[in-house]
$ cat data.csv   # CSV, C-alpha atoms
chain,number,residue,atom,x,y,z
E,1,MET,CA,137.8,90.1,146.1
E,2,ALA,CA,139.6,91.0,143.0
E,3,GLY,CA,138.2,90.7,139.5
E,4,ARG,CA,134.9,91.5,137.8
E,5,GLU,CA,131.9,92.9,139.7
E,6,ASP,CA,128.6,91.2,139.0
E,7,ASP,CA,125.2,92.4,139.9
E,8,ALA,CA,122.9,90.3,142.1
E,9,ASP,CA,121.5,88.2,139.2
E,10,GLY,CA,124.9,87.6,137.5
E,11,ASP,CA,124.4,89.8,134.4
E,12,ALA,CA,127.6,91.8,134.4
E,13,GLY,CA,127.2,95.0,132.4
E,14,VAL,CA,124.3,93.7,130.2
E,15,ALA,CA,122.1,96.5,129.1
E,16,THR,CA,118.5,95.8,128.0
E,17,LYS,CA,116.6,98.1,125.7
E,18,THR,CA,112.9,98.5,125.8
E,19,ARG,CA,111.2,99.4,122.6
E,20,ALA,CA,108.4,101.8,122.6
E,21,LYS,CA,105.5,100.2,120.7
E,22,THR,CA,104.6,102.4,117.8
E,23,GLN,CA,100.9,102.9,117.2
E,24,ARG,CA,99.3,103.4,113.8
E,25,PRO,CA,98.0,106.9,113.3
E,26,ARG,CA,94.3,107.3,113.9
E,27,MET,CA,92.4,107.3,110.6
E,28,TYR,CA,89.7,109.7,109.5
E,29,LYS,CA,86.8,109.2,107.1
E,30,VAL,CA,86.1,112.0,104.6
E,31,LEU,CA,82.4,112.4,103.9
E,32,LEU,CA,80.4,114.2,101.2
E,33,LEU,CA,77.0,115.4,102.2
E,34,ASN,CA,74.0,115.8,99.9
E,35,ASP,CA,72.3,119.1,99.2
E,36,ASP,CA,69.6,120.1,96.8
E,37,TYR,CA,71.7,122.6,94.8
E,38,THR,CA,75.1,121.3,93.9
E,39,PRO,CA,75.0,119.7,90.4
E,40,MET,CA,75.7,116.0,90.2
E,41,GLU,CA,78.4,116.6,87.5
E,42,PHE,CA,80.2,118.9,89.9
E,43,VAL,CA,80.3,116.2,92.6
E,44,VAL,CA,81.7,113.7,90.1
E,45,HIS,CA,84.3,116.2,89.2
E,46,ILE,CA,85.3,116.8,92.8
E,47,LEU,CA,85.6,113.0,93.3
E,48,GLU,CA,87.8,112.6,90.3
E,49,ARG,CA,90.0,115.7,91.0
E,50,PHE,CA,90.6,115.5,94.7
E,51,PHE,CA,90.1,111.8,95.5
E,52,GLY,CA,91.6,110.2,92.4
E,53,LYS,CA,88.4,108.3,91.6
E,54,SER,CA,87.7,106.9,88.1
E,55,HIS,CA,84.6,108.4,86.4
E,56,ALA,CA,82.6,105.2,87.1
E,57,GLU,CA,83.7,105.2,90.8
E,58,ALA,CA,82.9,108.9,91.1
E,59,PHE,CA,79.5,108.4,89.5
E,60,ASP,CA,78.6,105.6,91.9
E,61,ILE,CA,79.7,107.6,94.9
E,62,MET,CA,77.8,110.6,93.7
E,63,LEU,CA,74.6,108.5,93.4
E,64,THR,CA,75.2,107.2,97.0
E,65,VAL,CA,75.5,110.7,98.3
E,66,HIS,CA,72.3,111.7,96.4
E,67,LYS,CA,70.2,108.7,97.5
E,68,LYS,CA,71.5,108.2,101.1
E,69,GLY,CA,72.4,111.7,102.0
E,70,LEU,CA,76.1,111.1,102.5
E,71,ALA,CA,79.0,108.8,101.5
E,72,VAL,CA,82.5,108.0,102.7
E,73,VAL,CA,84.8,109.1,99.9
E,74,GLY,CA,88.1,108.0,101.5
E,75,VAL,CA,89.9,107.2,104.7
E,76,TYR,CA,93.1,109.1,105.5
E,77,SER,CA,95.5,110.2,108.3
E,78,PHE,CA,94.3,113.4,110.1
E,79,GLU,CA,96.5,115.8,108.1
E,80,VAL,CA,95.5,114.3,104.7
E,81,ALA,CA,91.8,114.2,105.6
E,82,GLU,CA,91.9,117.8,106.8
E,83,THR,CA,93.6,118.9,103.6
E,84,LYS,CA,91.1,117.2,101.4
E,85,VAL,CA,88.1,118.6,103.3
E,86,THR,CA,89.6,122.1,102.9
E,87,GLN,CA,90.4,121.7,99.2
E,88,VAL,CA,86.8,120.5,98.5
E,89,MET,CA,85.2,123.2,100.5
E,90,ASP,CA,87.3,126.0,99.0
E,91,PHE,CA,86.7,124.6,95.5
E,92,ALA,CA,83.0,124.4,96.0
E,93,ARG,CA,82.8,127.9,97.4
E,94,ARG,CA,84.8,129.3,94.5
E,95,HIS,CA,82.2,127.7,92.2
E,96,GLN,CA,79.4,129.0,94.3
E,97,HIS,CA,78.1,125.6,95.4
E,98,PRO,CA,76.9,124.7,98.9
E,99,LEU,CA,78.5,121.3,98.9
E,100,GLN,CA,79.6,120.1,102.4
E,101,CYS,CA,82.6,117.9,103.1
E,102,THR,CA,83.4,116.7,106.6
E,103,MET,CA,85.7,114.3,108.4
E,104,GLU,CA,85.2,112.0,111.4
E,105,LYS,CA,87.3,109.5,113.3
E,106,GLU,CA,87.1,106.0,111.8
$ encode --input "data.csv" --output "C-alpha cells"
Amino acid sequence: MAGREDDADGDAGVATKTRAKTQRPRMYKVLLLNDDYTPMEFVVHILERFFGKSHAEAFDIMLTVHKKGLAVVGVYSFEVAETKVTQVMDFARRHQHPLQCTMEKE
C-alpha cells in the first residue's frame, strides 16, 4: 500500500476550523434619580456635559426625572456606564448636591 494515507471518511489532511461565536457585550442603563434638593438647572447641566444631550433633550429628561422619580439617560457598555456614573456622582458631590446616578443591566 504505497501512496497517500486517507482517514476513514476520505478527507486527507483537511483541517476544519470552528469559530467561536462572539457575543455582544452586555449593556447597562444609566439612571438619574430624583431628589428634593438638586436644582433642575444643575441636572440639565449634567445631562449636557456628561451625556452629550442638547439643551432641549436635557430639559425633557430632567422633567421626567422630576415627575417620575427617575429616568434612563443612556445605555452603554459596563465600563462606559460605570465611568459616567462615577463622573456624575463626583461632580454632584463637588458641587454639594445629593444627586444620585446609578446603573443596571439592560
$ atom_distance --input "data.csv" --atom1 "atom CA of E:Glu104" --atom2 "atom CA of E:Val80"
12.5 Å
$ residues_around --input "data.csv" --residues "E:Val43" --least-positions-apart "6" --cutoff "12 Å" --atoms "only C-alpha atoms" --output "PDB file with C-alpha atoms, in the frame of the given file"
ATOM      1  CA  LEU E  32      80.400 114.200 101.200  1.00  0.00           C
ATOM      2  CA  LEU E  33      77.000 115.400 102.200  1.00  0.00           C
ATOM      3  CA  ASN E  34      74.000 115.800  99.900  1.00  0.00           C
ATOM      4  CA  ASP E  35      72.300 119.100  99.200  1.00  0.00           C
ATOM      5  CA  TYR E  37      71.700 122.600  94.800  1.00  0.00           C
ATOM      6  CA  ARG E  49      90.000 115.700  91.000  1.00  0.00           C
ATOM      7  CA  PHE E  50      90.600 115.500  94.700  1.00  0.00           C
ATOM      8  CA  PHE E  51      90.100 111.800  95.500  1.00  0.00           C
ATOM      9  CA  LYS E  53      88.400 108.300  91.600  1.00  0.00           C
ATOM     10  CA  HIS E  55      84.600 108.400  86.400  1.00  0.00           C
ATOM     11  CA  GLU E  57      83.700 105.200  90.800  1.00  0.00           C
ATOM     12  CA  ALA E  58      82.900 108.900  91.100  1.00  0.00           C
ATOM     13  CA  PHE E  59      79.500 108.400  89.500  1.00  0.00           C
ATOM     14  CA  ASP E  60      78.600 105.600  91.900  1.00  0.00           C
ATOM     15  CA  ILE E  61      79.700 107.600  94.900  1.00  0.00           C
ATOM     16  CA  MET E  62      77.800 110.600  93.700  1.00  0.00           C
ATOM     17  CA  LEU E  63      74.600 108.500  93.400  1.00  0.00           C
ATOM     18  CA  THR E  64      75.200 107.200  97.000  1.00  0.00           C
ATOM     19  CA  VAL E  65      75.500 110.700  98.300  1.00  0.00           C
ATOM     20  CA  HIS E  66      72.300 111.700  96.400  1.00  0.00           C
ATOM     21  CA  LEU E  70      76.100 111.100 102.500  1.00  0.00           C
ATOM     22  CA  ALA E  71      79.000 108.800 101.500  1.00  0.00           C
ATOM     23  CA  VAL E  73      84.800 109.100  99.900  1.00  0.00           C
ATOM     24  CA  VAL E  88      86.800 120.500  98.500  1.00  0.00           C
ATOM     25  CA  MET E  89      85.200 123.200 100.500  1.00  0.00           C
ATOM     26  CA  PHE E  91      86.700 124.600  95.500  1.00  0.00           C
ATOM     27  CA  ALA E  92      83.000 124.400  96.000  1.00  0.00           C
ATOM     28  CA  HIS E  95      82.200 127.700  92.200  1.00  0.00           C
ATOM     29  CA  HIS E  97      78.100 125.600  95.400  1.00  0.00           C
ATOM     30  CA  PRO E  98      76.900 124.700  98.900  1.00  0.00           C
ATOM     31  CA  LEU E  99      78.500 121.300  98.900  1.00  0.00           C
ATOM     32  CA  GLN E 100      79.600 120.100 102.400  1.00  0.00           C
ATOM     33  CA  CYS E 101      82.600 117.900 103.100  1.00  0.00           C
TER      34      CYS E 101
END
$ closest_residue --input "data.csv" --among "E:His45, E:Arg94, E:Lys105, E:Lys68" --to "E:Val30" --atoms "all atoms listed in the file"
E:Lys105
$ closest_residue --input "data.csv" --among "E:Val75, E:Gln87, E:Arg93, E:Lys67" --to "E:Tyr28" --atoms "all atoms listed in the file"
E:Val75
$ closest_residue --input "data.csv" --among "E:Gln96, E:Glu79, E:Lys84, E:Glu41" --to "E:Arg26" --atoms "only C-alpha atoms"
E:Glu79
$ closest_residue --input "data.csv" --among "E:Ala20, E:Val85, E:Leu47, E:Leu31" --to "E:Gly69" --atoms "all atoms listed in the file"
E:Leu31
